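Okay, query_21.txt is below, compact mmCIF, C-alpha atoms:
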# COMPACT_ATOMS: atom_id res chain seq x y z
CA ALA U 1 26.27 27.53 12.97
CA ALA U 2 23.67 25.90 15.19
CA VAL U 3 20.52 24.46 13.66
CA PRO U 4 17.66 26.93 14.37
CA ALA U 5 14.65 25.71 16.33
CA ASN U 6 12.42 25.96 13.25
CA PHE U 7 14.87 24.05 11.04
CA VAL U 8 12.96 22.19 8.29
CA GLN U 9 13.05 18.56 9.35
CA HIS U 10 12.08 16.90 6.07
CA GLU U 11 13.65 16.17 2.74
CA ILE U 12 12.65 18.37 -0.17
CA SER U 13 10.46 16.34 -2.53
CA MET U 14 12.40 14.96 -5.49
CA PRO U 15 10.84 15.42 -8.92
CA GLN U 16 8.96 12.29 -9.91
CA SER U 17 10.97 10.22 -12.36
CA LEU U 18 9.86 7.60 -14.86
CA CYS U 19 12.71 5.33 -13.78
CA GLU U 20 12.26 2.79 -11.01
CA TRP U 21 14.23 2.60 -7.80
CA ARG U 22 17.20 0.24 -7.93
CA THR U 23 19.18 -1.53 -5.25
CA ILE U 24 22.72 -0.21 -4.90
CA SER U 25 25.82 -1.98 -3.66
CA GLU U 26 26.69 0.48 -0.88
CA LYS U 27 25.78 -0.84 2.56
CA PRO U 28 24.98 1.18 5.68
CA SER U 29 27.84 1.38 8.16
CA ARG U 30 25.49 0.29 10.96
CA GLY U 31 22.19 -1.54 11.06
CA ILE U 32 20.78 -4.05 8.59
CA ARG U 33 18.89 -1.93 6.08
CA ASN U 34 19.78 -1.89 2.39
CA TYR U 35 19.69 1.17 0.16
CA VAL U 36 17.81 1.84 -3.04
CA GLU U 37 18.43 4.83 -5.31
CA ARG U 38 16.57 6.84 -7.92
CA ALA U 39 17.84 9.97 -9.65
CA GLY U 40 20.30 10.63 -6.81
CA GLN U 41 17.78 10.14 -3.99
CA LEU U 42 18.52 7.32 -1.54
CA GLY U 43 15.89 5.32 0.29
CA TYR U 44 15.21 2.41 2.60
CA PRO U 45 12.63 0.04 0.99
CA LYS U 46 10.02 -2.03 2.84
CA LEU U 47 7.54 -4.44 1.29
CA GLU U 48 5.42 -4.97 4.41
CA CYS U 49 2.51 -2.71 5.44
CA VAL U 50 3.35 -0.36 2.59
CA TYR U 51 0.38 1.99 2.95
CA ILE U 52 0.56 2.04 6.74
CA GLU U 53 4.18 3.19 6.38
CA LYS U 54 3.10 5.88 3.94
CA LEU U 55 0.30 7.11 6.20
CA GLY U 56 2.59 7.34 9.24
CA SER U 57 4.96 9.56 7.28
CA ASP U 58 2.16 11.66 5.77
CA LEU U 59 0.62 12.35 9.19
CA ALA U 60 4.05 13.40 10.46
CA GLN U 61 4.32 15.90 7.59
CA LEU U 62 0.83 17.16 8.47
CA VAL U 63 1.92 18.21 11.99
CA CYS U 64 5.58 18.96 11.12
CA ALA U 65 6.95 16.05 13.17
CA PRO U 66 10.39 14.99 11.91
CA ALA U 67 9.87 11.71 10.06
CA ALA U 68 11.49 10.49 6.88
CA ARG U 69 9.36 11.19 3.85
CA VAL U 70 7.88 7.98 2.44
CA GLU U 71 6.73 7.34 -1.08
CA VAL U 72 5.28 4.22 -2.63
CA GLY U 73 7.32 2.99 -5.58
CA LYS U 74 8.66 -0.05 -7.38
CA VAL U 75 12.15 -1.43 -6.87
CA LEU U 76 13.73 -3.26 -9.79
CA GLY U 77 13.85 -6.98 -9.05
CA LEU U 78 11.25 -6.85 -6.28
CA THR U 79 7.61 -7.86 -6.67
CA GLY U 80 4.91 -5.40 -5.71
CA PRO U 81 5.03 -1.84 -4.40
CA ALA U 82 7.48 -0.79 -1.71
CA ALA U 83 7.33 1.91 0.93
CA ILE U 84 10.54 3.84 0.40
CA SER U 85 11.75 6.07 3.23
CA HIS U 86 13.91 8.87 1.87
CA VAL U 87 17.44 8.87 3.26
CA HIS U 88 19.55 12.02 3.44
CA SER U 89 22.90 10.46 2.46
CA LEU U 90 25.18 7.46 2.86
CA ARG U 91 26.29 9.03 6.16
CA SER U 92 22.81 8.54 7.67
CA GLN U 93 22.69 5.83 10.31
CA PRO U 94 20.50 4.47 13.13
CA LEU U 95 20.51 6.48 16.32
CA ARG U 96 21.41 3.21 18.04
CA THR U 97 21.16 -0.40 16.90
CA ASP U 98 19.24 -2.94 18.97
CA ASP U 99 22.38 -4.74 20.09
CA GLU U 100 24.15 -1.59 21.28
CA PRO U 101 23.88 -0.52 24.95
CA GLU U 102 22.21 2.73 25.92
CA THR U 103 24.63 5.60 25.66
CA VAL U 104 25.12 9.28 26.42
CA TYR U 105 24.89 11.02 23.07
CA SER U 106 27.28 13.67 21.80
CA SER U 107 26.32 17.33 22.11
CA ALA U 108 25.50 17.47 18.36
CA ILE U 109 23.16 14.48 18.56
CA SER U 110 21.63 15.70 21.85
CA LYS U 111 20.83 19.00 20.14
CA ALA U 112 19.28 17.11 17.21
CA LEU U 113 17.19 15.02 19.60
CA LYS U 114 15.86 18.16 21.28
CA ALA U 115 14.92 19.56 17.85
CA ALA U 116 13.07 16.28 17.17
CA SER U 117 11.02 16.49 20.40
CA GLY U 118 7.79 16.80 18.45
CA LEU U 119 8.03 13.07 17.81
CA LEU U 120 7.07 12.34 21.43
CA PRO U 121 3.41 13.46 21.15
CA PHE U 122 3.20 12.34 17.53
CA LEU U 123 4.24 8.74 18.21
CA ALA U 124 1.81 8.60 21.15
CA TRP U 125 -0.99 9.90 18.92
CA ILE U 126 -0.54 7.27 16.18
CA GLY U 127 0.25 4.47 18.64
CA ALA U 128 3.76 3.75 17.32
CA TYR U 129 4.71 1.75 20.39
CA ASP U 130 7.58 -0.04 18.64
CA HIS U 131 9.39 3.30 18.79
CA GLU U 132 10.45 2.48 22.33
CA LYS U 133 13.67 1.53 20.52
CA ASP U 134 16.26 4.07 19.40
CA SER U 135 16.86 1.91 16.31
CA ASN U 136 13.69 3.34 14.74
CA PHE U 137 15.29 6.76 14.49
CA VAL U 138 17.87 7.83 11.93
CA VAL U 139 20.59 10.44 12.43
CA ASP U 140 21.37 12.46 9.31
CA ASP U 141 24.87 13.93 9.13
CA LEU U 142 24.38 17.38 7.57
CA GLY U 143 28.04 18.35 7.70
CA ASN U 144 29.82 20.94 9.85
CA ASP U 145 29.00 18.84 12.95
CA LEU U 146 25.25 19.35 12.42
CA ARG U 147 22.88 16.41 12.91
CA ARG U 148 19.18 15.83 12.33
CA VAL U 149 17.05 13.05 13.85
CA VAL U 150 14.06 11.61 11.99
CA ALA U 151 11.73 8.71 12.72
CA ILE U 152 11.28 5.81 10.32
CA ASP U 153 9.36 2.52 10.28
CA PHE U 154 5.66 2.90 11.11
CA GLU U 155 4.66 -0.69 10.34
CA ASP U 156 3.28 -1.25 13.84
CA ALA U 157 1.46 2.07 14.21
CA PHE U 158 -2.35 2.33 14.48
CA PRO U 159 -2.63 -0.75 16.75
CA TRP U 160 -6.40 -0.34 17.09
CA THR U 161 -6.72 -1.73 13.55
CA LYS U 162 -5.67 -5.03 15.15
CA ASP U 163 -7.43 -4.63 18.51
CA GLU U 164 -10.38 -2.26 18.87
CA ALA U 165 -9.89 -2.20 22.66
CA LEU U 166 -6.72 -0.16 22.11
CA GLU U 167 -8.40 2.75 20.37
CA GLU U 168 -8.67 4.93 23.48
CA ILE U 169 -5.58 3.64 25.32
CA VAL U 170 -2.75 6.14 24.96
CA THR U 171 0.52 4.94 26.46
CA PRO U 172 3.29 7.10 25.02
CA PRO U 173 6.38 5.25 23.81
CA LYS U 174 9.48 6.32 25.74
CA PRO U 175 12.49 6.06 23.41
CA PRO U 176 15.59 6.51 25.58
CA GLY U 177 17.29 9.10 23.38
CA LEU U 178 14.28 11.40 23.05
CA SER U 179 13.10 10.86 26.61
CA ALA U 180 16.44 12.03 27.99
CA ASN U 181 16.88 14.86 25.47
CA HIS U 182 13.67 16.77 24.82
CA ASP U 183 12.50 20.36 24.64
CA ARG U 184 9.10 20.97 26.26
CA ARG U 185 8.41 23.96 24.02
CA ILE U 186 8.77 21.84 20.89
CA VAL U 187 6.74 19.01 22.43
CA ASN U 188 3.94 21.45 23.19
CA LYS U 189 4.10 23.06 19.75
CA THR U 190 3.63 19.75 17.96
CA LEU U 191 0.99 18.60 20.44
CA SER U 192 -0.98 21.78 19.82
CA LYS U 193 -0.88 21.14 16.07
CA ILE U 194 -2.22 17.63 16.64
CA GLU U 195 -5.01 18.94 18.87
CA MET U 196 -6.04 21.59 16.34
CA LEU U 197 -6.52 19.18 13.42
CA THR U 198 -10.07 18.88 12.18
CA LEU U 199 -11.57 15.50 11.41
CA ALA U 200 -11.77 16.57 7.77
CA LYS U 201 -8.01 17.17 7.58
CA ILE U 202 -7.24 13.86 9.27
CA GLU U 203 -9.61 12.01 6.94
CA ALA U 204 -8.14 13.70 3.86
CA CYS U 205 -4.65 12.56 4.87
CA CYS U 206 -5.83 9.01 5.56
CA PHE U 207 -7.83 8.74 2.33
CA SER U 208 -4.83 9.89 0.26
CA SER U 209 -2.77 6.94 1.53
CA ALA U 210 -4.32 4.59 -1.07
CA MET U 211 -5.35 2.02 1.54
CA SER U 212 -8.93 0.78 1.56
CA ARG U 213 -11.47 3.48 2.35
CA ASP U 214 -12.94 1.53 5.28
CA LEU U 215 -9.54 1.11 6.93
CA ALA U 216 -8.62 4.75 6.28
CA GLN U 217 -11.91 5.92 7.78
CA ASN U 218 -11.43 3.74 10.87
CA ILE U 219 -7.91 5.07 11.42
CA ALA U 220 -9.10 8.67 10.99
CA ARG U 221 -11.98 8.22 13.41
CA VAL U 222 -9.72 6.89 16.16
CA LEU U 223 -7.02 9.50 15.54
CA HIS U 224 -9.69 12.15 16.04
CA VAL U 225 -10.52 10.64 19.44
CA ARG U 226 -6.90 10.14 20.46
CA GLN U 227 -5.77 13.66 19.56
CA HIS U 228 -7.50 14.91 22.72
CA LEU U 229 -6.12 12.18 24.99
CA VAL U 230 -2.39 12.64 24.43
CA ARG U 231 -1.77 15.77 26.52
CA ASP U 232 -2.69 14.26 29.89
CA ARG U 233 -0.55 11.19 29.23
CA ILE U 234 2.60 13.07 28.28
CA LYS U 235 2.03 15.62 31.03
CA GLU U 236 2.28 12.76 33.52
CA LEU U 237 5.72 12.02 32.09
CA GLY U 238 6.86 15.63 32.47
CA TRP U 239 7.21 16.26 28.73
CA VAL U 240 4.86 19.28 28.85
CA ASP U 241 3.98 21.67 31.66
Represent the structure of the file as structure tokens.
Amino acid sequence: AAVPANFVQHEISMPQSLCEWRTISEKPSRGIRNYVERAGQLGYPKLECVYIEKLGSDLAQLVCAPAARVEVGKVLGLTGPAAISHVHSLRSQPLRTDDEPETVYSSAISKALKAASGLLPFLAWIGAYDHEKDSNFVVDDLGNDLRRVVAIDFEDAFPWTKDEALEEIVTPPKPPGLSANHDRRIVNKTLSKIEMLTLAKIEACCFSSAMSRDLAQNIARVLHVRQHLVRDRIKELGWVD
């Protein structure tokens, strides 16, 4: 059966466990990421920009954009907290690695990309410009020739925290796979959710990330400005009517 348009894009939250995440020996078939595991849940760990990674994922959940769920946890043998992106299964893999040429995707993956169209306005909103690369998207194999596409890796999002001049510059990233396979209705639906967010809801999401309050408040303030600048930019690209 085909995946319905309102198919839930995110992993169901695993019950919190007292045990730590551990590195496992299985390696991805493509890409360079390693796996960690806890109570049957797989994840990709990152030690850099931990709370930025968490906030990118949390904001995606807020507007129902398909991004891997991220939690902050400890991995046995590693120092400090890690941002752990939940992975569906060992069959999950990058949409395309950086050293692979652009390709025409199968009908199953094209359908999954269309279902993930809400990422186009979302990534523009948070300034995730490194998502010009298809390698920052993961394809989950759900069985029965069904696929799901989710975004990962938000380390470089919120660029205005590094350069204030960027806070009102919205240049949507144009990942090849999503750009060539998108559904305007889904783009518009997610964009409308972004536009309807109140400053209070944005701030609440940012404050819950556990980053410093000043940084969270700065990010929230700029997101509130940017949420009303995205539509014109993506309209110029033909992603919404």
- [ ] Give as an MDAnalysis selection string every residue, naming chains and numbers as the document does, that has an atom within 9 Å of (22.6, 5.4, 1.9), counting only C-alpha atoms.
- [x] chainID U and resid 24 26:28 34:37 41:44 87:93
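The nearest approach to U:Glu167 among the residues U:Leu223, U:Ala151, U:Leu113, U:Val139, with all atoms listed in the file taken into account, belongs to U:Leu223.
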- [ ] Tell me, in Å to one decimal, how far atom CA of U:Ile202 is from atom CA of U:Asp130.
- [x] 22.4 Å
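When only C-alpha atoms are used to measure the gap to U:Leu229, the shortest distance among U:Arg147, U:Phe154, U:Phe122, U:Ile186 belongs to U:Phe122.
The space separating atom CA of U:Asp99 from atom CA of U:Lys46 comes to 21.4 Å.
You can rank U:Leu146, U:Ile52, U:Ala204, U:Leu237 by their closest distance to U:Lys111 using all atoms listed in the file, and at the top of that list sits U:Leu146.
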TODO: May I have the residues within 10 Å of stretch 57-62 of chain U as a ChimeraX atom specification, using all atoms listed in the file and disregarding those fewer than 5 positions away in the same chain?
DONE: /U:9-10,51-52,67-71,85,118-119,122-123,126,151-154,190,193-194,197,201-202,205-206,208-209
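Of note, atom CA of U:Ser117 and atom CA of U:Leu178 are spaced 6.6 Å apart.
Distance check against U:Ser110 using only C-alpha atoms: of U:Ala180, U:Leu142, U:Ala83, U:Leu166, the minimum falls on U:Ala180.
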Task: Best match for closeness to U:Pro176 among U:Pro121, U:Pro101, U:Gly127, U:Gly238, counting all atoms listed in the file - done: U:Pro101
Coords for stretch 37-191 of chain U, C-alpha atoms, as a compact mmCIF listing (two decimals), in the first residue's frame:
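As a result, decode_27.txt now contains:
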# COMPACT_ATOMS: atom_id res chain seq x y z
CA GLU U 37 22.18 1.44 20.41
CA ARG U 38 20.05 1.55 23.54
CA ALA U 39 17.20 -0.81 24.38
CA GLY U 40 16.76 -1.72 20.70
CA GLN U 41 16.78 1.87 19.41
CA LEU U 42 19.56 2.78 16.98
CA GLY U 43 21.10 6.21 16.67
CA TYR U 44 23.79 8.31 15.02
CA PRO U 45 25.86 10.13 17.72
CA LYS U 46 27.47 13.57 17.37
CA LEU U 47 29.57 15.34 19.98
CA GLU U 48 29.68 18.72 18.23
CA CYS U 49 26.99 21.42 18.64
CA VAL U 50 24.90 19.02 20.70
CA TYR U 51 22.16 21.45 21.72
CA ILE U 52 21.98 23.06 18.29
CA GLU U 53 21.35 19.58 16.86
CA LYS U 54 18.64 18.99 19.45
CA LEU U 55 16.94 22.32 18.75
CA GLY U 56 16.90 21.72 14.98
CA SER U 57 15.11 18.42 15.54
CA ASP U 58 12.71 19.86 18.13
CA LEU U 59 11.67 22.71 15.83
CA ALA U 60 11.04 20.17 13.06
CA GLN U 61 8.74 18.24 15.39
CA LEU U 62 6.97 21.51 16.23
CA VAL U 63 5.93 22.06 12.59
CA CYS U 64 5.73 18.37 11.61
CA ALA U 65 8.70 18.55 9.23
CA PRO U 66 10.28 15.11 8.76
CA ALA U 67 13.53 15.15 10.71
CA ALA U 68 15.10 12.42 12.78
CA ARG U 69 14.24 12.75 16.45
CA VAL U 70 17.28 13.83 18.47
CA GLU U 71 17.91 13.26 22.13
CA VAL U 72 20.87 14.24 24.26
CA GLY U 73 22.49 11.25 25.93
CA LYS U 74 25.75 9.66 26.97
CA VAL U 75 27.58 7.06 24.92
CA LEU U 76 29.74 4.57 26.79
CA GLY U 77 33.40 5.34 26.18
CA LEU U 78 32.79 8.89 24.97
CA THR U 79 33.32 12.02 27.05
CA GLY U 80 30.47 14.48 27.41
CA PRO U 81 26.90 14.49 26.11
CA ALA U 82 26.09 13.47 22.55
CA ALA U 83 23.28 14.46 20.22
CA ILE U 84 21.83 11.14 19.13
CA SER U 85 19.67 11.09 16.00
CA HIS U 86 17.26 8.18 16.11
CA VAL U 87 17.67 5.76 13.21
CA HIS U 88 14.84 3.56 11.98
CA SER U 89 16.88 0.40 11.31
CA LEU U 90 20.15 -0.97 9.96
CA ARG U 91 18.60 -0.61 6.48
CA SER U 92 18.55 3.20 6.81
CA GLN U 93 21.10 4.92 4.61
CA PRO U 94 22.02 8.35 3.19
CA LEU U 95 19.89 9.55 0.32
CA ARG U 96 23.18 10.04 -1.54
CA THR U 97 26.77 10.24 -0.31
CA ASP U 98 28.93 13.24 -1.16
CA ASP U 99 31.09 11.28 -3.59
CA GLU U 100 28.17 9.86 -5.56
CA PRO U 101 26.91 11.67 -8.69
CA GLU U 102 23.42 13.12 -8.84
CA THR U 103 20.92 10.48 -9.83
CA VAL U 104 17.32 9.89 -10.83
CA TYR U 105 15.71 8.28 -7.82
CA SER U 106 13.47 5.22 -7.89
CA SER U 107 9.71 5.68 -7.81
CA ALA U 108 9.62 4.62 -4.13
CA ILE U 109 12.24 7.18 -3.12
CA SER U 110 10.69 9.88 -5.32
CA LYS U 111 7.38 9.31 -3.53
CA ALA U 112 9.17 9.55 -0.16
CA LEU U 113 10.85 12.79 -1.23
CA LYS U 114 7.48 14.29 -2.17
CA ALA U 115 6.12 13.31 1.25
CA ALA U 116 9.14 15.06 2.82
CA SER U 117 8.51 18.33 0.93
CA GLY U 118 7.85 20.19 4.17
CA LEU U 119 11.59 20.21 4.71
CA LEU U 120 12.04 22.85 1.99
CA PRO U 121 10.44 25.74 3.93
CA PHE U 122 11.67 24.38 7.26
CA LEU U 123 15.34 24.31 6.26
CA ALA U 124 15.03 27.83 4.82
CA TRP U 125 13.46 29.03 8.07
CA ILE U 126 16.24 27.73 10.34
CA GLY U 127 19.01 28.59 7.87
CA ALA U 128 20.26 25.00 7.41
CA TYR U 129 22.24 25.90 4.31
CA ASP U 130 24.48 22.83 4.54
CA HIS U 131 21.41 20.86 3.47
CA GLU U 132 22.21 21.72 -0.13
CA LYS U 133 23.68 18.19 -0.03
CA ASP U 134 21.57 15.05 -0.32
CA SER U 135 23.92 13.38 2.17
CA ASN U 136 22.14 15.21 5.01
CA PHE U 137 18.98 13.21 4.39
CA VAL U 138 18.39 9.60 5.40
CA VAL U 139 16.16 7.10 3.61
CA ASP U 140 14.39 4.67 5.93
CA ASP U 141 13.43 1.33 4.41
CA LEU U 142 10.02 0.54 5.92
CA GLY U 143 9.55 -2.73 4.05
CA ASN U 144 7.13 -3.63 1.25
CA ASP U 145 8.97 -1.16 -1.04
CA LEU U 146 7.98 1.78 1.18
CA ARG U 147 10.54 4.49 1.95
CA ARG U 148 10.64 7.52 4.22
CA VAL U 149 13.03 10.49 3.95
CA VAL U 150 14.12 12.42 7.04
CA ALA U 151 16.65 15.21 7.57
CA ILE U 152 19.55 14.88 9.98
CA ASP U 153 22.55 16.99 11.01
CA PHE U 154 21.63 20.56 12.01
CA GLU U 155 25.08 21.57 13.25
CA ASP U 156 25.29 24.50 10.83
CA ALA U 157 21.74 25.79 11.28
CA PHE U 158 20.95 29.20 12.82
CA PRO U 159 23.87 30.94 11.04
CA TRP U 160 22.93 34.33 12.51
CA THR U 161 24.41 33.14 15.81
CA LYS U 162 27.76 33.45 14.00
CA ASP U 163 26.97 36.50 11.85
CA GLU U 164 24.21 38.91 12.86
CA ALA U 165 24.05 40.25 9.29
CA LEU U 166 22.49 36.94 8.22
CA GLU U 167 19.45 37.18 10.48
CA GLU U 168 17.13 38.57 7.81
CA ILE U 169 18.74 36.92 4.76
CA VAL U 170 16.68 33.94 3.67
CA THR U 171 18.24 31.96 0.84
CA PRO U 172 16.55 28.56 0.75
CA PRO U 173 18.86 25.57 0.41
CA LYS U 174 18.14 23.62 -2.78
CA PRO U 175 18.90 19.94 -2.14
CA PRO U 176 18.79 18.19 -5.52
CA GLY U 177 16.55 15.31 -4.45
CA LEU U 178 13.88 17.45 -2.81
CA SER U 179 14.10 20.24 -5.38
CA ALA U 180 13.34 17.81 -8.20
CA ASN U 181 10.71 15.84 -6.26
CA HIS U 182 8.41 18.06 -4.22
CA ASP U 183 4.70 18.49 -3.61
CA ARG U 184 3.56 22.13 -3.45
CA ARG U 185 0.61 21.26 -1.23
CA ILE U 186 2.88 19.77 1.41
CA VAL U 187 5.34 22.66 1.09
CA ASN U 188 2.51 25.12 1.67
CA LYS U 189 1.09 23.12 4.59
CA THR U 190 4.38 23.16 6.48
CA LEU U 191 5.05 26.79 5.57
